[in-house]
$ cat structure-v7.txt   # compact mmCIF, C-alpha atoms
# COMPACT_ATOMS: atom_id res chain seq x y z
CA MET O 457 88.18 -3.13 -10.83
CA SER O 458 84.74 -1.97 -11.93
CA ARG O 459 81.78 -3.58 -13.73
CA ILE O 460 81.08 -2.42 -17.28
CA LYS O 461 77.66 -1.13 -16.23
CA LYS O 462 79.47 1.47 -14.15
CA SER O 463 81.84 2.33 -16.97
CA GLY O 464 80.03 5.51 -17.92
CA TRP O 465 81.74 7.42 -15.12
CA ALA O 466 85.08 5.83 -16.05
CA VAL O 467 84.52 6.81 -19.65
CA VAL O 468 83.83 10.40 -18.61
CA ALA O 469 87.00 10.42 -16.55
CA ALA O 470 89.02 9.02 -19.45
CA LEU O 471 87.65 11.62 -21.81
CA GLY O 472 88.33 14.42 -19.28
CA ALA O 473 91.93 13.17 -18.93
CA SER O 474 92.48 13.21 -22.65
CA LEU O 475 91.14 16.75 -22.85
CA VAL O 476 93.27 17.97 -19.99
CA ALA O 477 96.32 16.34 -21.51
CA GLY O 478 96.08 18.89 -24.30
CA ASP O 479 98.00 18.36 -27.53
CA ALA O 480 101.04 16.40 -26.29
CA PRO O 481 99.85 12.90 -27.27
CA ALA O 482 98.34 14.14 -30.50
CA ALA O 483 101.51 15.99 -31.41
CA ASP O 484 103.33 12.71 -30.84
CA ALA O 485 101.03 10.95 -33.28
CA ALA O 486 101.34 13.73 -35.83
CA SER O 487 105.12 13.63 -35.94
CA GLY O 488 105.66 9.85 -35.72
CA TYR O 489 107.52 10.40 -32.47
CA ARG O 490 109.80 7.61 -31.26
CA LEU O 491 110.36 7.07 -27.55
CA GLY O 492 113.77 7.44 -25.95
CA PRO O 493 115.58 7.50 -22.58
CA GLN O 494 114.15 9.94 -19.99
CA ASP O 495 110.69 9.96 -21.62
CA ARG O 496 107.91 9.28 -19.11
CA VAL O 497 104.87 7.31 -20.25
CA LEU O 498 101.44 6.65 -18.76
CA LEU O 499 100.41 2.96 -18.93
CA ARG O 500 96.78 1.79 -18.72
CA VAL O 501 95.80 -1.90 -18.76
CA GLY O 502 92.34 -3.51 -18.83
CA GLN O 503 90.50 -6.62 -20.02
CA TRP O 504 87.04 -7.52 -21.25
CA ARG O 505 85.96 -10.75 -19.52
CA ARG O 506 83.61 -12.44 -21.95
CA ASP O 507 82.67 -15.21 -19.53
CA GLU O 508 81.56 -12.67 -16.89
CA GLY O 509 80.37 -9.96 -19.26
CA VAL O 510 82.40 -7.31 -17.41
CA TYR O 511 85.34 -5.02 -18.12
CA ARG O 512 88.09 -4.96 -15.52
CA ALA O 513 90.79 -2.28 -15.26
CA TRP O 514 94.14 -3.57 -14.01
CA ASP O 515 94.97 -0.59 -11.85
CA THR O 516 97.91 -2.33 -10.16
CA LEU O 517 99.78 -2.49 -13.48
CA GLY O 518 98.82 0.98 -14.67
CA GLY O 519 100.65 4.15 -13.79
CA GLU O 520 103.47 6.43 -14.88
CA TYR O 521 106.78 4.85 -15.86
CA ALA O 522 110.14 6.30 -16.90
CA ILE O 523 112.24 4.91 -19.74
CA GLY O 524 115.70 4.17 -18.39
CA GLY O 525 119.05 5.22 -19.76
CA ASP O 526 119.34 1.86 -21.53
CA GLY O 527 116.12 2.61 -23.44
CA ARG O 528 114.09 -0.03 -21.62
CA LEU O 529 110.83 0.19 -19.71
CA GLN O 530 110.44 -1.89 -16.54
CA VAL O 531 106.88 -3.28 -16.40
CA PRO O 532 105.62 -5.43 -13.51
CA MET O 533 105.02 -9.13 -14.35
CA ILE O 534 107.06 -9.05 -17.58
CA GLY O 535 110.22 -7.13 -16.67
CA ALA O 536 112.20 -5.01 -19.14
CA VAL O 537 110.70 -4.04 -22.50
CA GLN O 538 112.73 -2.25 -25.16
CA ALA O 539 111.00 1.12 -25.57
CA ALA O 540 113.60 3.36 -27.23
CA GLY O 541 112.93 3.74 -30.92
CA GLN O 542 109.32 2.56 -30.69
CA SER O 543 106.09 4.50 -31.08
CA THR O 544 103.59 4.47 -28.21
CA GLU O 545 101.26 2.27 -30.29
CA ALA O 546 103.96 -0.32 -31.04
CA LEU O 547 105.10 -0.38 -27.41
CA ALA O 548 101.51 -0.86 -26.19
CA ALA O 549 101.07 -3.81 -28.57
CA GLU O 550 104.29 -5.44 -27.35
CA VAL O 551 103.42 -4.97 -23.66
CA SER O 552 99.95 -6.43 -24.28
CA ALA O 553 101.34 -9.50 -26.08
CA ARG O 554 103.95 -10.16 -23.40
CA LEU O 555 101.44 -9.80 -20.56
CA VAL O 556 99.06 -12.25 -22.25
CA GLU O 557 101.91 -14.73 -22.73
CA ALA O 558 103.38 -14.30 -19.24
CA LEU O 559 100.01 -14.64 -17.47
CA GLY O 560 98.63 -17.40 -19.69
CA LEU O 561 95.49 -15.43 -20.53
CA THR O 562 92.89 -16.59 -23.05
CA ASP O 563 91.26 -13.20 -23.53
CA PRO O 564 93.25 -10.31 -25.03
CA LEU O 565 94.37 -7.35 -22.92
CA GLY O 566 93.71 -3.72 -23.75
CA VAL O 567 96.91 -1.70 -23.25
CA ALA O 568 97.14 2.06 -23.86
CA ILE O 569 100.36 4.06 -23.59
CA GLU O 570 100.65 7.82 -23.92
CA ILE O 571 103.45 10.25 -23.24
CA ALA O 572 103.27 11.83 -19.78
CA ALA O 573 106.42 13.95 -20.17
CA TYR O 574 108.96 14.27 -22.96
CA ARG O 575 112.68 14.01 -22.34
CA PRO O 576 114.35 17.45 -22.15
CA PHE O 577 116.11 19.31 -24.92
CA TYR O 578 119.41 21.12 -24.40
CA VAL O 579 120.66 24.60 -25.34
CA THR O 580 124.34 25.50 -25.43
CA GLY O 581 126.31 28.51 -26.53
CA ALA O 582 125.35 32.19 -26.44
CA VAL O 583 122.16 32.03 -24.34
CA GLU O 584 121.39 33.31 -20.87
CA THR O 585 120.51 29.94 -19.29
CA PRO O 586 122.18 27.05 -21.13
CA GLY O 587 121.43 23.48 -20.11
CA ALA O 588 118.44 21.12 -20.05
CA HIS O 589 114.93 22.52 -20.47
CA ALA O 590 111.43 21.00 -20.48
CA TYR O 591 110.15 20.24 -23.99
CA ARG O 592 106.87 21.55 -25.43
CA PRO O 593 105.27 19.87 -28.50
CA GLY O 594 105.65 21.90 -31.66
CA MET O 595 108.61 23.88 -30.32
CA THR O 596 110.82 25.81 -32.75
CA VAL O 597 114.35 27.14 -32.45
CA ALA O 598 113.07 30.66 -31.69
CA GLU O 599 110.94 29.35 -28.82
CA ALA O 600 113.78 27.20 -27.49
CA VAL O 601 116.11 30.22 -27.42
CA GLY O 602 113.41 32.23 -25.65
CA ILE O 603 113.01 29.51 -23.01
CA ALA O 604 116.78 29.55 -22.50
CA GLY O 605 116.58 33.26 -21.67
CA GLY O 606 117.34 34.59 -25.14
CA VAL O 607 120.70 35.36 -26.70
CA ALA O 608 123.28 36.10 -24.03
CA ARG O 609 123.87 39.79 -23.27
CA ARG O 610 127.21 41.16 -24.38
CA GLU O 611 127.44 44.59 -22.81
CA ARG O 612 130.55 45.60 -24.73
CA SER O 613 128.96 44.65 -28.05
CA PHE O 614 125.57 46.31 -27.66
CA VAL O 615 124.49 49.80 -26.91
CA ARG O 616 121.58 49.71 -24.50
CA GLY O 617 118.88 50.72 -27.01
CA ALA O 618 119.83 48.08 -29.58
CA ARG O 619 120.09 45.38 -26.92
CA ASP O 620 116.63 46.17 -25.57
CA ALA O 621 115.24 46.28 -29.11
CA LEU O 622 116.64 42.85 -29.93
CA ARG O 623 115.18 41.41 -26.76
CA ALA O 624 111.78 42.88 -27.61
CA LEU O 625 112.01 41.60 -31.19
CA GLY O 626 112.72 38.09 -29.92
CA GLU O 627 109.72 38.28 -27.62
CA ILE O 628 107.56 39.49 -30.52
CA GLU O 629 108.59 36.49 -32.61
CA VAL O 630 107.73 34.08 -29.80
CA LEU O 631 104.38 35.82 -29.28
CA ARG O 632 103.66 35.66 -32.99
CA LEU O 633 104.24 31.90 -32.99
CA ASP O 634 102.01 31.56 -29.93
CA ALA O 635 99.30 33.59 -31.67
CA TRP O 636 99.43 31.37 -34.77
CA ARG O 637 99.23 28.25 -32.64
CA ALA O 638 96.28 29.65 -30.64
CA GLU O 639 94.42 30.56 -33.84
CA ALA O 640 94.86 27.02 -35.20
CA ARG O 641 93.62 25.63 -31.89
CA ARG O 642 90.58 27.94 -31.99
CA VAL O 643 89.61 26.64 -35.43
CA ARG O 644 89.95 23.04 -34.24
CA LEU O 645 87.84 23.64 -31.11
CA MET O 646 85.09 25.30 -33.15
CA ALA O 647 85.00 22.30 -35.50
CA GLU O 648 85.07 19.83 -32.60
CA LEU O 649 82.25 21.63 -30.82
CA GLY O 650 80.11 21.53 -33.96
CA VAL O 651 80.34 17.72 -34.36
CA THR O 652 77.35 17.01 -32.08
CA SER O 653 75.78 20.46 -31.73
CA ASP O 654 72.60 19.48 -33.62
CA VAL O 655 71.89 16.25 -31.69
CA GLU O 656 70.32 15.88 -28.25
CA ALA O 657 72.75 14.46 -25.67
CA ALA O 658 70.51 11.49 -24.86
CA GLU O 659 70.30 10.53 -28.56
CA ILE O 660 73.96 10.80 -29.56
CA GLY O 661 75.52 7.50 -30.63
CA ALA O 662 78.89 6.42 -31.99
CA ASP O 663 77.59 6.65 -35.59
CA ASP O 664 76.92 10.39 -35.12
CA ILE O 665 80.65 11.11 -34.66
CA VAL O 666 82.10 12.10 -38.06
CA LEU O 667 85.51 13.74 -38.51
CA PRO O 668 84.99 17.29 -39.87
CA VAL O 669 87.27 19.03 -42.36
CA LEU O 670 89.53 21.72 -40.89
CA GLU O 671 89.93 24.60 -43.34
CA MET O 672 92.91 26.93 -43.24
CA PRO O 673 91.79 30.15 -41.46
CA GLU O 674 92.45 33.50 -43.12
CA ALA O 675 94.57 34.57 -40.15
CA LEU O 676 97.13 31.90 -41.10
CA ASP O 677 97.33 32.76 -44.81
CA ASP O 678 100.97 33.20 -45.88
CA VAL O 679 102.19 31.97 -42.46
CA PRO O 680 105.26 29.76 -43.08
CA VAL O 681 104.37 27.19 -40.40
CA ALA O 682 100.60 27.18 -41.06
CA ASP O 683 100.52 23.74 -42.68
CA ARG O 684 102.40 22.18 -39.79
CA LEU O 685 100.18 23.85 -37.19
CA MET O 686 96.98 22.76 -38.91
CA ALA O 687 98.28 19.22 -39.40
CA THR O 688 98.92 19.01 -35.68
CA GLU O 689 95.42 20.29 -34.87
CA ARG O 690 93.87 17.81 -37.33
CA GLU O 691 95.68 14.99 -35.57
CA ILE O 692 94.49 16.26 -32.18
CA LEU O 693 90.91 16.46 -33.49
CA SER O 694 91.09 12.94 -34.93
CA THR O 695 92.52 11.48 -31.71
CA ARG O 696 89.96 13.15 -29.45
CA LEU O 697 87.02 12.18 -31.65
CA ARG O 698 88.27 8.58 -31.77
CA THR O 699 88.35 8.58 -27.97
CA PHE O 700 84.86 10.08 -27.78
CA ARG O 701 83.51 7.62 -30.35
CA SER O 702 85.05 4.68 -28.49
CA SER O 703 83.38 5.84 -25.28
CA LEU O 704 80.01 6.06 -27.02
CA GLU O 705 80.53 2.61 -28.57
CA GLN O 706 80.99 1.15 -25.10
CA ILE O 707 77.74 2.72 -23.94
CA ASP O 708 75.93 1.66 -27.15
CA GLY O 709 77.14 -1.90 -26.65
CA LEU O 710 76.00 -1.93 -23.03
CA VAL O 711 72.57 -0.56 -24.00
CA ALA O 712 72.15 -3.25 -26.68
CA VAL O 713 73.04 -6.02 -24.20
CA LEU O 714 70.62 -4.68 -21.59
CA GLU O 715 67.78 -4.30 -24.09
CA ARG O 716 68.24 -7.90 -25.25
CA ARG O 717 68.31 -9.08 -21.63
CA ILE O 718 65.09 -7.20 -20.79
CA GLU O 719 63.38 -8.71 -23.84
CA THR O 720 64.56 -12.23 -22.92
CA LEU O 721 63.44 -11.85 -19.32
CA GLY O 722 60.02 -10.68 -20.50
CA ARG O 723 59.55 -13.83 -22.57
CA GLN O 724 60.72 -15.99 -19.67
CA ILE O 725 58.21 -14.30 -17.33
CA GLU O 726 55.36 -14.96 -19.76
CA LEU O 727 56.35 -18.64 -19.99
CA ARG O 728 56.56 -19.00 -16.21
CA GLU O 729 53.17 -17.37 -15.75
CA GLU O 730 51.63 -19.84 -18.21
CA GLN O 731 53.25 -22.69 -16.25
CA VAL O 732 51.81 -21.28 -13.01
CA VAL O 733 48.29 -21.28 -14.49
CA LEU O 734 48.61 -24.90 -15.65
CA ALA O 735 50.09 -25.98 -12.32
CA GLU O 736 47.29 -24.27 -10.37
CA GLU O 737 44.64 -25.98 -12.53
CA GLU O 738 46.26 -29.34 -11.91
CA LEU O 739 46.50 -28.57 -8.17
CA ALA O 740 42.78 -27.77 -8.06
CA SER O 741 41.99 -31.14 -9.66
CA ILE O 742 44.21 -33.00 -7.21
CA ARG O 743 42.56 -31.26 -4.25
CA THR O 744 39.15 -32.40 -5.48
CA LEU O 745 40.38 -35.98 -5.84
CA THR O 746 41.97 -35.83 -2.37
CA GLU O 747 38.69 -34.67 -0.81
CA GLN O 748 36.94 -37.59 -2.53
CA GLY O 749 39.57 -40.02 -1.25
CA LEU O 750 40.80 -40.79 -4.77
CA ALA O 751 44.30 -39.27 -4.30
CA VAL O 752 46.82 -39.28 -1.49
CA THR O 753 47.66 -36.13 0.47
CA SER O 754 51.36 -36.35 -0.44
CA ARG O 755 50.51 -35.82 -4.08
CA ARG O 756 48.62 -32.63 -3.24
CA VAL O 757 51.49 -31.36 -1.11
CA SER O 758 53.99 -32.06 -3.90
CA ARG O 759 51.87 -30.15 -6.42
CA GLU O 760 51.50 -27.20 -4.02
CA ARG O 761 55.28 -27.06 -3.69
CA ILE O 762 55.65 -26.96 -7.49
CA VAL O 763 53.17 -24.06 -7.74
CA SER O 764 55.04 -22.18 -5.01
CA ASP O 765 58.38 -22.69 -6.76
CA LEU O 766 56.96 -21.45 -10.07
CA ARG O 767 55.56 -18.30 -8.44
CA SER O 768 58.93 -17.67 -6.77
CA SER O 769 60.64 -18.07 -10.15
CA VAL O 770 58.32 -15.45 -11.65
CA LEU O 771 59.24 -13.02 -8.86
CA ASP O 772 62.97 -13.66 -9.40
CA LEU O 773 62.64 -13.01 -13.13
CA GLU O 774 60.69 -9.80 -12.54
CA GLY O 775 63.38 -8.64 -10.11
CA ALA O 776 66.10 -9.37 -12.70
CA ARG O 777 64.15 -7.46 -15.35
CA LEU O 778 63.74 -4.48 -13.01
CA GLU O 779 67.51 -4.46 -12.30
CA ALA O 780 68.26 -4.58 -16.04
CA GLU O 781 65.87 -1.68 -16.65
CA GLN O 782 67.61 0.32 -13.91
CA ASP O 783 70.99 -0.44 -15.52
CA LEU O 784 69.62 0.70 -18.88
CA ALA O 785 68.47 3.99 -17.36
CA GLU O 786 71.89 4.44 -15.75
CA ALA O 787 73.59 3.85 -19.11
CA GLY O 788 71.40 6.60 -20.56
CA ARG O 789 72.45 8.96 -17.79
CA ASP O 790 76.10 8.05 -18.41
CA ARG O 791 75.66 8.97 -22.07
CA VAL O 792 74.18 12.35 -21.18
CA ASP O 793 76.95 13.00 -18.63
CA LEU O 794 79.64 12.06 -21.15
CA VAL O 795 78.29 14.36 -23.87
CA SER O 796 77.53 17.22 -21.47
CA GLN O 797 80.96 17.19 -19.85
CA ARG O 798 82.64 17.06 -23.27
CA ARG O 799 80.66 20.08 -24.46
CA GLU O 800 81.39 21.96 -21.24
CA THR O 801 85.11 21.24 -21.55
CA LEU O 802 85.20 22.34 -25.20
CA VAL O 803 83.35 25.58 -24.44
CA THR O 804 85.77 26.31 -21.60
CA GLU O 805 88.81 25.58 -23.80
CA LEU O 806 87.42 27.76 -26.59
CA GLY O 807 86.85 30.65 -24.18
CA ASP O 808 90.36 30.27 -22.75
CA THR O 809 91.84 30.20 -26.27
CA ARG O 810 90.03 33.37 -27.30
CA ARG O 811 91.22 35.15 -24.18
CA GLU O 812 94.75 33.91 -24.86
CA ILE O 813 94.61 35.36 -28.39
CA ASP O 814 93.53 38.71 -26.96
CA ARG O 815 96.31 38.65 -24.33
CA ILE O 816 98.93 37.79 -26.95
CA ALA O 817 97.75 40.66 -29.16
CA ALA O 818 98.01 43.09 -26.23
CA ARG O 819 101.50 41.86 -25.32
CA MET O 820 102.65 42.15 -28.94
CA ARG O 821 101.49 45.77 -29.10
CA THR O 822 103.40 46.48 -25.89
CA GLU O 823 106.59 44.78 -27.10
CA GLU O 824 106.39 46.51 -30.48
CA GLY O 825 106.13 49.86 -28.71
CA LEU O 826 109.10 49.06 -26.45
CA ALA O 827 111.23 47.92 -29.38
CA ALA O 828 110.30 50.98 -31.42
CA GLU O 829 111.22 53.25 -28.52
CA ALA O 830 114.52 51.45 -28.01
CA ILE O 831 115.72 51.91 -31.57
CA GLY O 832 114.20 55.36 -32.04
CA ILE O 833 111.56 54.48 -34.65
CA GLY O 834 108.74 55.88 -32.61
CA ASP O 835 105.79 54.64 -34.70
CA GLY O 836 105.12 51.48 -32.70
CA PHE O 837 106.02 49.04 -35.50
CA VAL O 838 109.36 47.26 -35.82
CA LEU O 839 111.17 45.76 -38.79
CA ASN O 840 113.78 43.01 -38.48
CA ALA O 841 116.27 44.61 -40.86
CA GLY O 842 118.61 45.89 -38.14
CA ARG O 843 118.53 42.73 -36.06
CA ALA O 844 121.85 41.04 -35.31
CA ALA O 845 122.00 37.47 -36.61
CA ALA O 846 122.75 34.31 -34.66
CA ARG O 847 123.68 30.95 -36.14
CA TYR O 848 121.93 27.80 -34.94
CA GLU O 849 122.92 24.16 -35.14
CA ILE O 850 120.91 21.18 -33.91
CA THR O 851 122.51 17.87 -32.96
CA ARG O 852 119.93 15.11 -33.07
CA PRO O 853 119.97 12.21 -30.57
CA GLY O 854 121.46 9.96 -33.27
CA GLY O 855 124.47 12.27 -33.66
CA GLU O 856 123.42 14.07 -36.86
CA THR O 857 124.15 17.83 -36.85
CA VAL O 858 122.13 20.18 -39.06
CA GLU O 859 121.99 23.93 -39.57
CA ALA O 860 118.76 25.48 -38.30
CA ALA O 861 116.69 28.64 -38.64
CA PRO O 862 114.37 30.31 -36.08
CA GLY O 863 111.39 28.37 -37.42
CA THR O 864 113.11 24.94 -37.46
CA PRO O 865 111.29 22.42 -35.24
CA VAL O 866 113.09 21.19 -32.11
CA ALA O 867 112.54 17.62 -30.91
CA PRO O 868 113.00 16.03 -27.45
CA GLY O 869 116.64 15.16 -26.81
CA ASP O 870 117.97 17.68 -29.38
CA ILE O 871 121.01 19.80 -28.53
CA LEU O 872 120.63 23.34 -29.86
CA SER O 873 123.86 25.33 -30.23
CA VAL O 874 123.58 29.13 -30.49
CA VAL O 875 126.59 30.94 -31.97
CA VAL O 876 126.81 34.74 -32.11
CA ASP O 877 129.66 36.77 -33.61
CA ALA O 878 130.37 39.56 -31.10
CA ALA O 879 131.96 41.80 -33.74
CA VAL O 880 128.94 41.53 -36.01
CA LEU O 881 126.59 42.20 -33.11
CA GLY O 882 128.58 45.26 -32.08
CA ALA O 883 128.49 46.65 -35.60
CA GLY O 884 124.76 45.99 -35.86
CA ALA O 885 124.07 47.70 -32.56
CA ALA O 886 126.21 50.70 -33.45
CA GLY O 887 124.51 50.98 -36.83
CA GLY O 888 121.06 50.88 -35.20
CA ALA O 889 122.03 53.56 -32.69
CA ALA O 890 123.54 55.76 -35.43
CA ALA O 891 120.36 55.41 -37.53
CA GLY O 892 118.25 56.44 -34.57
CA ALA O 893 120.47 59.45 -33.88
CA ALA O 894 120.32 60.50 -37.55
CA ASP O 895 116.50 60.34 -37.48
CA ASP O 896 116.47 62.56 -34.39
$ encode --input "structure-v7.txt" --output "structure tokens"
Amino acid sequence: MSRIKKSGWAVVAALGASLVAGDAPAADAASGYRLGPQDRVLLRVGQWRRDEGVYRAWDTLGGEYAIGGDGRLQVPMIGAVQAAGQSTEALAAEVSARLVEALGLTDPLGVAIEIAAYRPFYVTGAVETPGAHAYRPGMTVAEAVGIAGGVARRERSFVRGARDALRALGEIEVLRLDAWRAEARRVRLMAELGVTSDVEAAEIGADDIVLPVLEMPEALDDVPVADRLMATEREILSTRLRTFRSSLEQIDGLVAVLERRIETLGRQIELREEQVVLAEEELASIRTLTEQGLAVTSRRVSRERIVSDLRSSVLDLEGARLEAEQDLAEAGRDRVDLVSQRRETLVTELGDTRREIDRIAARMRTEEGLAAEAIGIGDGFVLNAGRAAARYEITRPGGETVEAAPGTPVAPGDILSVVVDAAVLGAGAAGGAAAGAADD
């Protein structure tokens, strides 16, 4: 448990964690995700103690927890909490209320829950590696099939060139989706970096944090999933700026408290110093009377003790004011560290994203060349006209089964079935090979 005056470092750590976590929590918020069995969540608990003026983190209750097969979350002190079907926000509110009730607290608890790992999705049917696979936010059917190794190879149905071409075409589609996602992320990072670019780190406050508007980039014009990608990035931007603003609000609040305390201590010191002057004047009078035999020595000794106590009180107040001024300076350093680390992290992420876009473009050119060579086109660009079709069905956790396309979103717990007609594939492969031979 740490005092609020040391919270600047904790705030920096919390912000760093949210940045490292990437877009999983924000994707959850964007889609209205509901928790379910096998999801793993990260629980954080803390409390502001008004009587002590400190914030205490309850580290013994925090940590990573798994939702059981019965849909319940086992939390120390309160036992099982129904988590399946709830959002992370609703579950956090319920855990907070039950902890307050169970522990008989008078002050509210701050409880935050975010997704540490989604439950897996499943792929069955004509894929290379059917079974359970780790889920990625924003995943589509095409990506899920790629993760499962692609459509299963049927040697008797494909000639080698057509089979290699289809594999390359599938990889191109996955790369294209990755490129769109990276471009949307680049736009969001540029906007996020520009929020505080014109303000000095030491002067940035919570009121300076304003949510910018994310415009659709030209690179995503006419992209079928562009709206969904940008909506996800807007939600990520909103969540991260809320976290940053909250961190600054904590520092602003601490600075305001310390400034008021310094001002109060200054007035108290002035009052004590005035009392010391009056007490010393009275002591001088008593000493004169004592020397003349008009006052007893005990009265002089008593007045000397009062003067000594007042001087000691002045020293104590000056020491308290110095400590408050040191805390105020430390809060300023915490603010600078928070802003500087955030900017450094954003610049690093933006650089990584730009390099990722370049790598994806290079890989797409390579795959396009391989696919063109495989089907005998030879110009380095591939059309999807000769591609053999697969049928997709998704069974949702509630039991609903729907037909799907390559761009259909996949959610945690979904069961994706891939069905391929071997006769159709064989005809498609033969047709592609014949077309290539005719061109030669």
$ axis_aligned_box --input "structure-v7.txt" --around "stretch 718-729 of chain O" --padding-each-side "4 Å" --output "JSON"
{"center_x": 59.1, "center_y": -13.1, "center_z": -19.8, "size_x": 19.9, "size_y": 19.8, "size_z": 16.1}
$ residues_near_point --input "structure-v7.txt" --point "(122.2, 19.6, -35.2)" --cutoff "8 Å" --atoms "all atoms listed in the file" --output "list in words"
Glu849, Ile850, Thr851, Arg852, Gly855, Glu856, Thr857, Val858, Glu859, Ala860, Asp870, Ile871, Leu872 and Ser873 of chain O
$ residues_around --input "structure-v7.txt" --residues "O:Thr516" --least-positions-apart "6" --cutoff "12 Å" --atoms "all atoms listed in the file" --output "JSON, numbers by chain"
{"O": [457, 499, 500, 501, 502, 531, 532, 533]}
$ closest_residue --input "structure-v7.txt" --among "O:Leu561, O:Ala573, O:Val497, O:Val866" --to "O:Leu547" --atoms "all atoms listed in the file"
O:Val497
$ residues_around --input "structure-v7.txt" --residues "O:Ala522" --least-positions-apart "5" --cutoff "7 Å" --atoms "only C-alpha atoms" --output "list in words"
Gln494, Asp495, Arg496, Val497 and Leu529 of chain O
$ write_last_selection --input "structure-v7.txt" --atoms "C-alpha atoms" --output "CSV table (one decimal), keeping the file's coordinate frame"
chain,number,residue,atom,x,y,z
O,494,GLN,CA,114.2,9.9,-20.0
O,495,ASP,CA,110.7,10.0,-21.6
O,496,ARG,CA,107.9,9.3,-19.1
O,497,VAL,CA,104.9,7.3,-20.2
O,529,LEU,CA,110.8,0.2,-19.7
$ residues_around --input "structure-v7.txt" --residues "O:Ile718" --least-positions-apart "5" --cutoff "12 Å" --atoms "all atoms listed in the file" --output "list in words"
Val711, Ala712, Val713, Arg723, Gln724, Ile725, Leu773, Glu774, Gly775, Ala776, Arg777, Leu778, Glu779, Ala780, Glu781, Gln782, Asp783 and Leu784 of chain O
$ closest_residue --input "structure-v7.txt" --among "O:Ile707, O:Val732, O:Val795, O:Met595" --to "O:Ser769" --atoms "only C-alpha atoms"
O:Val732
$ atom_distance --input "structure-v7.txt" --atom1 "atom CA of O:Thr864" --atom2 "atom CA of O:Val630"
13.1 Å
$ closest_residue --input "structure-v7.txt" --among "O:Ala817, O:Ile628, O:Leu693, O:Val763" --to "O:Arg642" --atoms "all atoms listed in the file"
O:Leu693
$ closest_residue --input "structure-v7.txt" --among "O:Pro564, O:Leu645, O:Gly581, O:Glu823" --to "O:Thr801" --atoms "only C-alpha atoms"
O:Leu645
$ residues_near_point --input "structure-v7.txt" --point "(89.3, -5.2, -17.4)" --cutoff "8 Å" --atoms "all atoms listed in the file" --output "list in words"
Met457, Ser458, Val501, Gly502, Gln503, Trp504, Arg505, Val510, Tyr511, Arg512, Ala513, Trp514, Leu565 and Gly566 of chain O
$ residues_around --input "structure-v7.txt" --residues "O:His589" --least-positions-apart "6" --cutoff "10 Å" --atoms "all atoms listed in the file" --output "PyMOL selection string"
chain O and resi 575-579+600+603-604+868-869
$ closest_residue --input "structure-v7.txt" --among "O:Leu667, O:Val537, O:Met646, O:Ala608" --to "O:Leu806" --atoms "only C-alpha atoms"
O:Met646
$ atom_distance --input "structure-v7.txt" --atom1 "atom CA of O:Ala735" --atom2 "atom CA of O:Ser764"
9.6 Å
$ atom_distance --input "structure-v7.txt" --atom1 "atom CA of O:Glu812" --atom2 "atom CA of O:Ile665"
28.5 Å
$ closest_residue --input "structure-v7.txt" --among "O:Tyr848, O:Thr544, O:Ala787, O:Thr699" --to "O:Leu714" --atoms "only C-alpha atoms"
O:Ala787
